[in-house]
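A.B. asks: Pasting work_18.txt below, which is compact mmCIF, C-alpha atoms.
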# COMPACT_ATOMS: atom_id res chain seq x y z
CA MET A 13 11.81 -21.43 -13.67
CA MET A 14 10.90 -17.73 -13.64
CA ALA A 15 10.15 -17.84 -9.91
CA ALA A 16 13.52 -19.43 -9.18
CA LEU A 17 15.34 -16.89 -11.37
CA ARG A 18 13.55 -14.01 -9.63
CA VAL A 19 14.43 -15.26 -6.15
CA ALA A 20 18.05 -16.02 -7.16
CA THR A 21 18.48 -12.52 -8.63
CA ALA A 22 17.03 -10.86 -5.56
CA TRP A 23 19.23 -12.77 -3.13
CA ALA A 24 22.32 -12.30 -5.33
CA THR A 25 21.69 -8.56 -5.11
CA VAL A 26 21.38 -8.85 -1.32
CA LEU A 27 24.76 -10.59 -1.15
CA ALA A 28 26.37 -8.05 -3.48
CA PHE A 29 25.26 -5.12 -1.33
CA ALA A 30 26.21 -6.99 1.84
CA TRP A 31 29.79 -7.33 0.58
CA PHE A 32 30.30 -4.14 -1.41
CA GLY A 33 27.40 -1.91 -0.38
CA LYS A 34 29.35 0.11 2.18
CA ASP A 35 31.87 1.21 -0.46
CA TRP A 36 29.26 1.73 -3.16
CA LEU A 37 27.00 3.84 -0.95
CA GLY A 38 29.88 5.71 0.67
CA ASP A 39 30.39 7.97 -2.34
CA LEU A 40 27.33 8.86 -4.39
CA SER A 41 28.78 12.06 -5.81
CA GLN A 42 28.88 10.60 -9.34
CA PRO A 43 25.35 10.97 -10.77
CA LEU A 44 25.69 8.14 -13.28
CA PHE A 45 27.01 5.73 -10.66
CA ALA A 46 24.32 6.68 -8.15
CA GLY A 47 21.67 6.46 -10.85
CA GLY A 48 22.90 3.02 -11.88
CA LEU A 49 22.73 1.72 -8.32
CA PHE A 50 19.24 3.18 -7.90
CA ALA A 51 18.06 1.61 -11.17
CA TRP A 52 19.53 -1.76 -10.17
CA LEU A 53 17.85 -1.77 -6.77
CA LEU A 54 14.59 -0.43 -8.20
CA VAL A 55 14.36 -3.17 -10.84
CA VAL A 56 15.18 -5.93 -8.36
CA ILE A 57 12.74 -4.65 -5.73
CA VAL A 58 9.88 -4.18 -8.21
CA TRP A 59 10.56 -7.60 -9.78
CA ALA A 60 10.53 -9.21 -6.35
CA ALA A 61 7.32 -7.32 -5.54
CA PHE A 62 5.71 -8.85 -8.62
CA GLY A 63 6.84 -12.20 -7.24
CA VAL A 64 5.06 -11.41 -3.99
CA VAL A 65 1.90 -10.62 -5.95
CA HIS A 66 2.16 -13.84 -7.95
CA GLU A 67 2.60 -16.04 -4.90
CA ALA A 68 -0.16 -14.22 -3.04
CA GLU A 69 -2.52 -14.79 -5.97
CA GLU A 70 -1.63 -18.49 -5.95
CA LEU A 71 -2.48 -18.55 -2.25
CA ALA A 72 -5.70 -16.69 -2.99
CA HIS A 73 -6.86 -19.51 -5.28
CA ARG A 74 -6.14 -22.02 -2.53
CA LEU A 75 -7.35 -20.09 0.51
CA GLY A 76 -10.26 -18.34 -1.17
CA GLU A 77 -11.53 -14.83 -0.52
CA PRO A 78 -11.09 -12.69 1.47
CA LEU A 79 -7.97 -14.41 2.84
CA GLY A 80 -6.28 -14.34 -0.55
CA THR A 81 -6.35 -10.59 -1.02
CA LEU A 82 -5.59 -10.07 2.67
CA VAL A 83 -2.34 -12.03 2.34
CA LEU A 84 -1.32 -9.89 -0.63
CA THR A 85 -2.27 -6.63 1.06
CA LEU A 86 -0.40 -7.42 4.27
CA ALA A 87 2.70 -8.52 2.35
CA ILE A 88 2.75 -5.29 0.33
CA VAL A 89 2.17 -3.07 3.38
CA ILE A 90 4.97 -4.83 5.26
CA ILE A 91 7.27 -3.91 2.37
CA GLU A 92 6.06 -0.30 2.55
CA VAL A 93 6.64 -0.11 6.31
CA ALA A 94 10.13 -1.58 5.82
CA LEU A 95 11.02 1.07 3.22
CA ILE A 96 9.72 3.92 5.38
CA SER A 97 11.54 2.58 8.44
CA ALA A 98 14.76 2.22 6.46
CA VAL A 99 14.63 5.82 5.26
CA MET A 100 13.81 7.12 8.75
CA LEU A 101 16.61 5.15 10.37
CA SER A 102 19.19 6.03 7.71
CA ALA A 103 18.36 9.68 7.09
CA LYS A 104 17.60 10.60 10.70
CA ASP A 105 15.85 13.68 9.32
CA ALA A 106 12.64 12.62 7.60
CA PRO A 107 9.86 13.89 9.89
CA THR A 108 7.18 13.95 7.19
CA LEU A 109 8.11 10.78 5.26
CA GLY A 110 5.54 8.53 6.93
CA ARG A 111 2.80 11.13 6.46
CA ASP A 112 3.75 11.76 2.82
CA THR A 113 3.86 8.04 2.04
CA MET A 114 0.49 7.30 3.64
CA PHE A 115 -1.08 10.25 1.84
CA ALA A 116 0.51 9.12 -1.44
CA VAL A 117 -0.83 5.59 -0.97
CA LEU A 118 -4.33 6.91 -0.27
CA MET A 119 -4.26 9.15 -3.37
CA ILE A 120 -2.72 6.51 -5.63
CA VAL A 121 -5.04 3.74 -4.47
CA LEU A 122 -8.33 5.56 -3.77
CA ASN A 123 -8.10 7.92 -6.74
CA GLY A 124 -5.53 6.60 -9.21
CA VAL A 125 -6.12 2.85 -9.19
CA VAL A 126 -9.81 3.02 -8.27
CA GLY A 127 -10.42 5.74 -10.87
CA LEU A 128 -8.62 3.93 -13.67
CA GLY A 129 -10.18 0.62 -12.66
CA LEU A 130 -13.74 1.96 -12.65
CA LEU A 131 -13.12 3.77 -15.93
CA VAL A 132 -11.75 0.67 -17.65
CA GLY A 133 -14.40 -1.55 -16.07
CA GLY A 134 -17.19 0.83 -17.08
CA LEU A 135 -15.99 1.05 -20.67
CA ARG A 136 -15.62 -2.71 -20.94
CA HIS A 137 -18.56 -3.97 -18.87
CA HIS A 138 -20.81 -0.86 -18.67
CA GLN A 139 -21.83 -1.52 -15.04
CA GLN A 140 -20.06 -3.69 -12.48
CA ARG A 141 -21.45 -5.19 -9.30
CA TYR A 142 -19.81 -5.71 -5.92
CA ASN A 143 -20.76 -6.48 -2.34
CA LEU A 144 -21.92 -3.20 -0.82
CA LYS A 145 -21.53 -4.45 2.76
CA GLY A 146 -17.83 -5.12 2.26
CA ALA A 147 -17.11 -1.72 0.70
CA SER A 148 -19.08 0.00 3.48
CA ALA A 149 -17.07 -1.91 6.10
CA PHE A 150 -13.82 -0.75 4.52
CA MET A 151 -14.93 2.89 4.38
CA SER A 152 -16.20 2.82 7.98
CA VAL A 153 -12.64 1.98 9.06
CA ILE A 154 -10.68 4.07 6.54
CA ILE A 155 -12.45 7.33 7.48
CA PRO A 156 -11.68 7.29 11.25
CA LEU A 157 -8.18 5.85 10.75
CA THR A 158 -7.16 8.59 8.31
CA THR A 159 -8.82 11.29 10.42
CA ILE A 160 -7.01 10.20 13.58
CA ALA A 161 -3.67 9.87 11.82
CA LEU A 162 -3.54 12.72 9.30
CA ILE A 163 -6.02 15.40 10.39
CA ILE A 164 -6.40 15.45 14.19
CA PRO A 165 -2.66 16.14 14.82
CA ASN A 166 -3.15 19.55 13.18
CA PHE A 167 -5.82 20.54 15.70
CA THR A 168 -4.41 19.35 19.03
CA SER A 169 -3.41 22.19 21.36
CA SER A 170 -0.54 20.23 22.96
CA THR A 171 1.58 20.75 19.84
CA SER A 172 1.32 23.22 16.99
CA ASP A 173 3.24 21.59 14.14
CA GLY A 174 1.22 18.49 13.25
CA THR A 175 3.07 16.29 15.76
CA LEU A 176 1.81 14.34 18.76
CA THR A 177 2.85 14.25 22.40
CA THR A 178 4.24 11.00 23.77
CA LEU A 179 0.92 10.16 25.42
CA GLN A 180 -0.99 10.88 22.22
CA ALA A 181 1.48 8.88 20.11
CA VAL A 182 1.19 5.83 22.35
CA THR A 183 -2.58 5.93 22.74
CA PHE A 184 -3.25 6.73 19.06
CA SER A 185 -1.03 3.80 18.05
CA VAL A 186 -2.94 1.48 20.36
CA PHE A 187 -6.30 2.77 19.11
CA THR A 188 -5.23 2.39 15.49
CA LEU A 189 -3.98 -1.17 15.97
CA ALA A 190 -7.08 -2.10 17.98
CA LEU A 191 -9.46 -0.80 15.30
CA TYR A 192 -7.48 -2.50 12.54
CA GLY A 193 -7.43 -5.73 14.55
CA VAL A 194 -11.20 -5.65 15.02
CA PHE A 195 -11.61 -5.10 11.29
CA LEU A 196 -9.39 -8.10 10.50
CA LEU A 197 -11.50 -10.27 12.81
CA ILE A 198 -14.62 -9.15 10.98
CA GLN A 199 -13.05 -9.63 7.56
CA THR A 200 -11.70 -13.11 8.20
CA GLY A 201 -14.28 -14.37 10.68
CA ARG A 202 -17.92 -13.69 11.41
CA HIS A 203 -18.64 -11.44 8.43
CA SER A 204 -16.20 -12.72 5.81
CA GLU A 205 -19.13 -13.04 3.38
CA PHE A 206 -19.23 -9.22 3.19
CA PHE A 207 -16.03 -9.34 1.15
CA ILE A 208 -17.15 -11.94 -1.38
CA ASP A 209 -19.27 -11.14 -4.40
CA ALA A 210 -22.66 -12.78 -3.91
CA GLU A 211 -22.91 -14.14 -7.46
CA ALA A 212 -19.33 -15.38 -7.51
CA ARG A 213 -19.83 -17.04 -4.13
CA ASP A 214 -22.70 -19.09 -5.48
CA ALA A 215 -20.79 -20.07 -8.62
CA ASP A 216 -17.42 -20.81 -7.06
CA ALA A 217 -16.39 -23.75 -4.98
CA HIS A 218 -17.51 -23.83 -1.37
CA PRO A 219 -14.96 -22.70 1.23
CA GLY A 220 -14.61 -26.25 2.46
CA GLU A 221 -13.09 -27.26 -0.86
CA ALA A 222 -10.11 -24.98 -0.24
CA SER A 223 -9.12 -27.18 2.67
CA SER A 224 -8.67 -30.10 0.28
CA ILE A 225 -5.59 -28.40 -1.16
CA SER A 226 -2.50 -30.09 0.21
CA GLY A 227 -0.70 -28.33 3.01
CA GLY A 228 2.54 -28.78 1.08
CA SER A 229 1.19 -26.72 -1.82
CA VAL A 230 0.24 -23.86 0.50
CA ALA A 231 3.57 -24.11 2.34
CA LYS A 232 5.44 -23.93 -0.97
CA HIS A 233 3.81 -20.67 -1.99
CA VAL A 234 4.17 -19.21 1.51
CA GLY A 235 7.88 -20.03 1.34
CA LEU A 236 8.26 -18.42 -2.08
CA LEU A 237 6.32 -15.37 -0.90
CA LEU A 238 8.68 -14.94 2.05
CA ALA A 239 11.68 -15.57 -0.21
CA ASN A 240 10.55 -12.61 -2.33
CA VAL A 241 9.61 -10.34 0.58
CA MET A 242 12.83 -10.71 2.58
CA PRO A 243 15.22 -9.34 -0.09
CA ILE A 244 13.00 -6.27 -0.47
CA VAL A 245 13.11 -5.63 3.26
CA ILE A 246 16.89 -6.13 3.37
CA LEU A 247 17.57 -3.95 0.31
CA ALA A 248 15.26 -1.21 1.57
CA LYS A 249 18.02 0.46 3.58
CA SER A 250 20.35 0.70 0.57
CA LEU A 251 17.59 2.09 -1.61
CA ALA A 252 16.72 4.57 1.14
CA VAL A 253 20.28 5.96 1.21
CA ILE A 254 20.29 6.58 -2.54
CA LEU A 255 16.75 7.95 -2.52
CA ASP A 256 17.50 10.41 0.26
CA HIS A 257 20.71 11.53 -1.47
CA GLY A 258 18.97 11.96 -4.83
CA ILE A 259 16.10 14.07 -3.48
CA ALA A 260 18.54 16.33 -1.64
CA ALA A 261 20.88 16.65 -4.63
CA LEU A 262 18.06 17.47 -7.03
CA GLY A 263 16.32 19.83 -4.64
CA ALA A 264 13.10 17.92 -5.26
CA PRO A 265 10.03 18.32 -3.00
CA SER A 266 10.32 16.27 0.17
CA ALA A 267 6.93 14.70 -0.57
CA LEU A 268 8.44 13.06 -3.65
CA GLY A 269 10.13 10.47 -1.42
CA GLY A 270 6.78 9.28 -0.12
CA VAL A 271 5.34 9.20 -3.63
CA LEU A 272 8.23 7.10 -4.94
CA ILE A 273 7.96 4.62 -2.07
CA ALA A 274 4.22 4.31 -2.56
CA ALA A 275 4.61 3.88 -6.32
CA ILE A 276 7.37 1.29 -5.99
CA VAL A 277 5.46 -0.78 -3.47
CA PHE A 278 1.93 -0.58 -4.81
CA THR A 279 2.53 -0.79 -8.58
CA PRO A 280 2.31 -4.62 -8.65
CA GLU A 281 -0.80 -4.65 -6.47
CA GLY A 282 -2.35 -1.90 -8.59
CA ILE A 283 -1.75 -3.93 -11.74
CA SER A 284 -3.33 -6.95 -10.04
CA ALA A 285 -6.40 -4.86 -9.16
CA LEU A 286 -6.73 -3.55 -12.73
CA LYS A 287 -6.49 -7.08 -14.12
CA ALA A 288 -9.26 -8.14 -11.75
CA VAL A 289 -11.46 -5.28 -13.00
CA ALA A 290 -10.82 -6.27 -16.60
CA ARG A 291 -11.98 -9.81 -15.73
CA ASN A 292 -15.14 -8.26 -14.23
CA GLU A 293 -13.98 -9.24 -10.71
CA LEU A 294 -14.68 -5.85 -9.15
CA GLN A 295 -15.04 -7.28 -5.65
CA ARG A 296 -11.46 -8.56 -5.69
CA ALA A 297 -10.23 -5.18 -6.93
CA ILE A 298 -12.13 -3.43 -4.14
CA ASN A 299 -10.68 -5.81 -1.57
CA LEU A 300 -7.19 -5.00 -2.88
CA CYS A 301 -7.60 -1.21 -3.13
CA LEU A 302 -9.61 -0.47 -0.01
CA GLY A 303 -7.70 -3.16 1.87
CA ALA A 304 -4.42 -1.47 0.93
CA ALA A 305 -5.69 1.89 2.19
CA THR A 306 -6.90 0.35 5.45
CA SER A 307 -3.74 -1.66 6.10
CA THR A 308 -1.43 1.21 5.17
CA VAL A 309 -2.80 3.54 7.84
CA GLY A 310 -3.49 0.75 10.33
CA LEU A 311 0.10 -0.53 10.27
CA THR A 312 2.20 2.47 9.19
CA VAL A 313 1.05 4.87 11.91
CA PRO A 314 2.08 2.60 14.84
CA ALA A 315 5.34 1.73 13.09
CA ILE A 316 6.56 5.27 12.44
CA LEU A 317 5.38 6.55 15.81
CA THR A 318 7.26 3.72 17.52
CA ILE A 319 10.42 4.53 15.56
CA GLY A 320 10.02 8.19 16.48
CA LEU A 321 9.66 7.40 20.19
CA LEU A 322 12.58 4.96 20.24
CA THR A 323 15.00 7.13 18.26
CA GLY A 324 13.85 10.55 19.44
CA GLN A 325 12.98 11.65 15.91
CA THR A 326 10.22 14.11 15.22
CA VAL A 327 7.27 12.55 13.39
CA VAL A 328 4.93 14.99 11.66
CA LEU A 329 1.58 13.42 10.81
CA GLY A 330 -0.72 16.40 10.20
CA LEU A 331 -1.31 17.17 6.53
CA LYS A 332 -1.03 20.62 4.97
CA PRO A 333 -4.33 22.50 4.45
CA THR A 334 -4.51 21.73 0.71
CA GLU A 335 -3.75 18.07 1.37
CA MET A 336 -6.39 17.88 4.10
CA THR A 337 -8.92 19.32 1.68
CA LEU A 338 -7.98 16.80 -1.01
CA LEU A 339 -8.15 13.95 1.50
CA ALA A 340 -11.57 15.07 2.74
CA VAL A 341 -12.93 15.27 -0.81
CA THR A 342 -11.44 11.84 -1.58
CA LEU A 343 -13.08 10.25 1.46
CA ILE A 344 -16.45 11.85 0.69
CA LEU A 345 -16.23 10.81 -2.96
CA SER A 346 -15.16 7.26 -2.06
CA ALA A 347 -18.06 6.92 0.35
CA GLN A 348 -20.38 8.15 -2.40
CA THR A 349 -18.85 5.87 -5.03
CA PHE A 350 -19.27 2.79 -2.88
CA SER A 351 -22.73 3.67 -1.59
CA GLY A 352 -24.55 1.66 -4.28
CA SER A 353 -24.19 -1.84 -5.65
CA ARG A 354 -23.01 -0.81 -9.15
CA THR A 355 -20.30 1.43 -10.58
CA THR A 356 -20.02 3.27 -13.92
CA VAL A 357 -17.50 5.26 -15.97
CA LEU A 358 -18.51 8.52 -14.26
CA GLU A 359 -17.16 7.52 -10.84
CA GLY A 360 -13.87 6.49 -12.42
CA ALA A 361 -13.47 9.79 -14.25
CA VAL A 362 -14.09 11.85 -11.11
CA HIS A 363 -11.55 9.86 -9.08
CA LEU A 364 -8.94 10.27 -11.83
CA VAL A 365 -9.43 14.04 -11.88
CA LEU A 366 -8.67 14.16 -8.14
CA PHE A 367 -5.57 12.02 -8.72
CA PHE A 368 -4.27 14.42 -11.37
CA VAL A 369 -4.90 17.35 -9.03
CA TYR A 370 -2.78 15.55 -6.41
CA LEU A 371 0.08 15.08 -8.92
CA VAL A 372 0.05 18.78 -9.79
CA LEU A 373 0.11 19.79 -6.12
CA ILE A 374 3.27 17.73 -5.48
CA PHE A 375 5.34 20.05 -7.67
CA SER A 376 3.22 23.18 -7.31
CA PRO A 377 1.92 23.24 -3.72
Translate this structure into structure tokens?
C.D. replies:
Amino acid sequence: MMAALRVATAWATVLAFAWFGKDWLGDLSQPLFAGGLFAWLLVVIVWAAFGVVHEAEELAHRLGEPLGTLVLTLAIVIIEVALISAVMLSAKDAPTLGRDTMFAVLMIVLNGVVGLGLLVGGLRHHQQRYNLKGASAFMSVIIPLTTIALIIPNFTSSTSDGTLTTLQAVTFSVFTLALYGVFLLIQTGRHSEFFIDAEARDADAHPGEASSISGGSVAKHVGLLLANVMPIVILAKSLAVILDHGIAALGAPSALGGVLIAAIVFTPEGISALKAVARNELQRAINLCLGAATSTVGLTVPAILTIGLLTGQTVVLGLKPTEMTLLAVTLILSAQTFSGSRTTVLEGAVHLVLFFVYLVLIFSP
């Protein structure tokens, strides 16, 4: 019943904005009216995102790991890419939005969610185990992807403003997609056992048992997942118009747009990861968090560079010096955190401190 109500509400909102959206969004000069529209869209999109998480978790039980968390991660990242694309196509003047959103996702996921998760998990379970090979595989991909996308553009001599030439944009997009594709093959194929906790794998059902689930059951949840994703994608453009207007009207930092998009999209997945930690399922939480970071850069970079090339918009990828420093420390700390087979409260506390530093720098760069 709840699933049906969620889908009906989301699609009713889509129809409402299809019929009246042009008039509603044409005049946002009234703060209360604009705020009401933003709150309406925000609630519907977040509620639908929770629906995506629910259906993806249902699929996870049927498909097993790591396919379950991969479905959720890809669905969430597709929503993120849709929101970024909508803002870029509607505002026509958001050169740093993709960069700011990717950086926000990395800080929220690698420091905020991971930090809080390890802190809660350490307090509740003292030490938690996970599959070191899987975490190492994630980090071996996250480090080069983020370096190529967010750091190298600042040091190329062809441009001087953190942008890329056409040749660099095309080749970097291909390289990013190729590396991400290889990782997906590893994660879902030959080395899928890297992403499954060894003890849980022995206790749980064998992978072959997942195939006994009826195809109709899987198809049902896939259908409901798509039914929740599509309204978010469609409503993204309307939300983008209000978001862009609000940031300009308030004189807020431009990076705030990326933070809001990241927070809207990844809140449900973050809650899912924290619940997994509380259940002492650290491996699932790692798959969600590190998978989100990997997929975000692997899919967002080609998407925004393609939009930039097709529309002639400038796309700035290079981070500011303070942000590069924070990213470098985050990557080093993450590699250190996931270099052993157990985690404690200390790692969580350090990650949270970095997250709070990031929040301060948004408003006081």
A.B. asks: Nearest residue to Phe375 (chain A) out of A:Phe167, A:Ala275, A:Ala267, A:Ser229, using all atoms listed in the file?
C.D. replies: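 Using all atoms listed in the file, the shortest distance to Phe375 (chain A) belongs to A:Ala267.
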A.B. asks: How far is it from CA of Gly134 (chain A) to CA of Ala361 (chain A), in Å with one decimal?
C.D. replies: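 Separation of CA of Gly134 (chain A) and CA of Ala361 (chain A): 10.1 Å.
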A.B. asks: Given the point (19.3, 3.5, -10.2) in the file's coordinates, find the residues that have an atom at most 12 Å from it, counting only C-alpha atoms, and give them as a PyMOL selection string.
C.D. replies: chain A and resi 40+42-57+250-255+257-258
A.B. asks: For C-alpha atoms, I'd like the residues from the last selection saved as a compact mmCIF listing (two decimals), keeping the file's coordinate frame.
C.D. replies:
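Saved result, part25.txt, follows:
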# COMPACT_ATOMS: atom_id res chain seq x y z
CA LEU A 40 27.33 8.86 -4.39
CA GLN A 42 28.88 10.60 -9.34
CA PRO A 43 25.35 10.97 -10.77
CA LEU A 44 25.69 8.14 -13.28
CA PHE A 45 27.01 5.73 -10.66
CA ALA A 46 24.32 6.68 -8.15
CA GLY A 47 21.67 6.46 -10.85
CA GLY A 48 22.90 3.02 -11.88
CA LEU A 49 22.73 1.72 -8.32
CA PHE A 50 19.24 3.18 -7.90
CA ALA A 51 18.06 1.61 -11.17
CA TRP A 52 19.53 -1.76 -10.17
CA LEU A 53 17.85 -1.77 -6.77
CA LEU A 54 14.59 -0.43 -8.20
CA VAL A 55 14.36 -3.17 -10.84
CA VAL A 56 15.18 -5.93 -8.36
CA ILE A 57 12.74 -4.65 -5.73
CA SER A 250 20.35 0.70 0.57
CA LEU A 251 17.59 2.09 -1.61
CA ALA A 252 16.72 4.57 1.14
CA VAL A 253 20.28 5.96 1.21
CA ILE A 254 20.29 6.58 -2.54
CA LEU A 255 16.75 7.95 -2.52
CA HIS A 257 20.71 11.53 -1.47
CA GLY A 258 18.97 11.96 -4.83
A.B. asks: Within 6 Å of region 323-340 of chain A, counting only C-alpha atoms, which residues qualify if same-chain residues fewer than 4 places away don't, as a compact mmCIF listing (two decimals) with C-alpha atoms, keeping the file's coordinate frame?
C.D. replies:
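Contents of result-v6.txt, freshly written:
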# COMPACT_ATOMS: atom_id res chain seq x y z
CA PRO A 107 9.86 13.89 9.89
CA THR A 108 7.18 13.95 7.19
CA ARG A 111 2.80 11.13 6.46
CA LEU A 162 -3.54 12.72 9.30
CA ILE A 163 -6.02 15.40 10.39
CA PRO A 165 -2.66 16.14 14.82
CA ASN A 166 -3.15 19.55 13.18
CA GLY A 174 1.22 18.49 13.25
CA THR A 175 3.07 16.29 15.76
CA ILE A 319 10.42 4.53 15.56
A.B. asks: Using only C-alpha atoms, which of the listed residues (A:Val64, A:Val372, A:Leu247, A:Leu302) sits closest to Phe29 (chain A)?
C.D. replies: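 Going through A:Val64, A:Val372, A:Leu247, A:Leu302 one by one, the smallest distance to Phe29 (chain A) is for A:Leu247.
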A.B. asks: Which residue, A:Ile374, A:Gly38, A:Ser185, A:Asn123, has the smallest gap to Ala264 (chain A) when you use all atoms listed in the file?
C.D. replies: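 Closest candidate: A:Ile374.
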A.B. asks: Between CA of Leu176 (chain A) and CA of Phe150 (chain A), what is the distance in Å, rounded to a tenth?
C.D. replies: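 Spanning CA of Leu176 (chain A) to CA of Phe150 (chain A) is a straight-line distance of 26.0 Å.
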A.B. asks: Can you tell me, as a PyMOL selection string, what residues are no more than 10 Å from Leu358 (chain A) when counting only C-alpha atoms, ignoring any on the same chain fewer than 6 positions away?
C.D. replies: chain A and resi 127+130-131+134+349
A.B. asks: Using all atoms listed in the file, find the one residue out of A:Thr188, A:Leu179, A:Ala297, A:Gly129 that sits nearest to Thr159 (chain A).
C.D. replies: A:Thr188
A.B. asks: Which residue out of A:Leu196, A:Ile155, A:Leu79, A:Val125 has the minimum interatomic distance to Val309 (chain A) when all atoms listed in the file are used?
C.D. replies: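 Closest candidate: A:Ile155.
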A.B. asks: Quick one: pull the distance between CA of Glu359 (chain A) and CA of Gln140 (chain A), Å, one decimal.
C.D. replies: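 Computing the Euclidean distance for CA of Glu359 (chain A) and CA of Gln140 (chain A) yields 11.7 Å.
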A.B. asks: Within 12 Å of (-20.5, -2.3, 1.2), in the coordinates the file gives, what residues turn up when you count all atoms listed in the file, written out as a VMD selection string?
C.D. replies: chain A and resid 141 to 153 203 205 to 210 295 298 to 299 302 346 to 354
A.B. asks: Can you report as JSON the centre and edge lengths in Å, to one decimal, of an axis-aligned box around the listed atoms of region 110-118 of chain A padded with 6 Å on each side?
C.D. replies:
{"center_x": 0.6, "center_y": 8.7, "center_z": 2.7, "size_x": 21.9, "size_y": 18.2, "size_z": 20.4}
A.B. asks: Near Ile120 (chain A), counting all atoms listed in the file, which residues have an atom at most 9 Å away, once you skip same-chain residues fewer than 5 positions from it, shown as a PyMOL selection string?
C.D. replies: chain A and resi 115+125-126+271+274-275+278+282+367
A.B. asks: Would you save the residues of that selection, restricted to C-alpha atoms, as a PDB file, in the coordinates of the input?
C.D. replies:
ATOM      1  CA  PHE A 115      -1.080  10.250   1.840  1.00  0.00           C
ATOM      2  CA  VAL A 125      -6.120   2.850  -9.190  1.00  0.00           C
ATOM      3  CA  VAL A 126      -9.810   3.020  -8.270  1.00  0.00           C
ATOM      4  CA  VAL A 271       5.340   9.200  -3.630  1.00  0.00           C
ATOM      5  CA  ALA A 274       4.220   4.310  -2.560  1.00  0.00           C
ATOM      6  CA  ALA A 275       4.610   3.880  -6.320  1.00  0.00           C
ATOM      7  CA  PHE A 278       1.930  -0.580  -4.810  1.00  0.00           C
ATOM      8  CA  GLY A 282      -2.350  -1.900  -8.590  1.00  0.00           C
ATOM      9  CA  PHE A 367      -5.570  12.020  -8.720  1.00  0.00           C
TER      10      PHE A 367
END
A.B. asks: When you count all atoms listed in the file, which of these residues is closest to Lys232 (chain A): A:Leu17, A:Leu71, A:Phe62, A:Ile273?
C.D. replies: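 Closest to Lys232 (chain A), using all atoms listed in the file: A:Leu71.
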A.B. asks: Using all atoms listed in the file, which residues sit within 7 Å of region 116-118 of chain A once same-chain residues fewer than 3 positions away are excluded, as a ChimeraX atom specification?
C.D. replies: /A:112-113,121-122,270-271,274,305
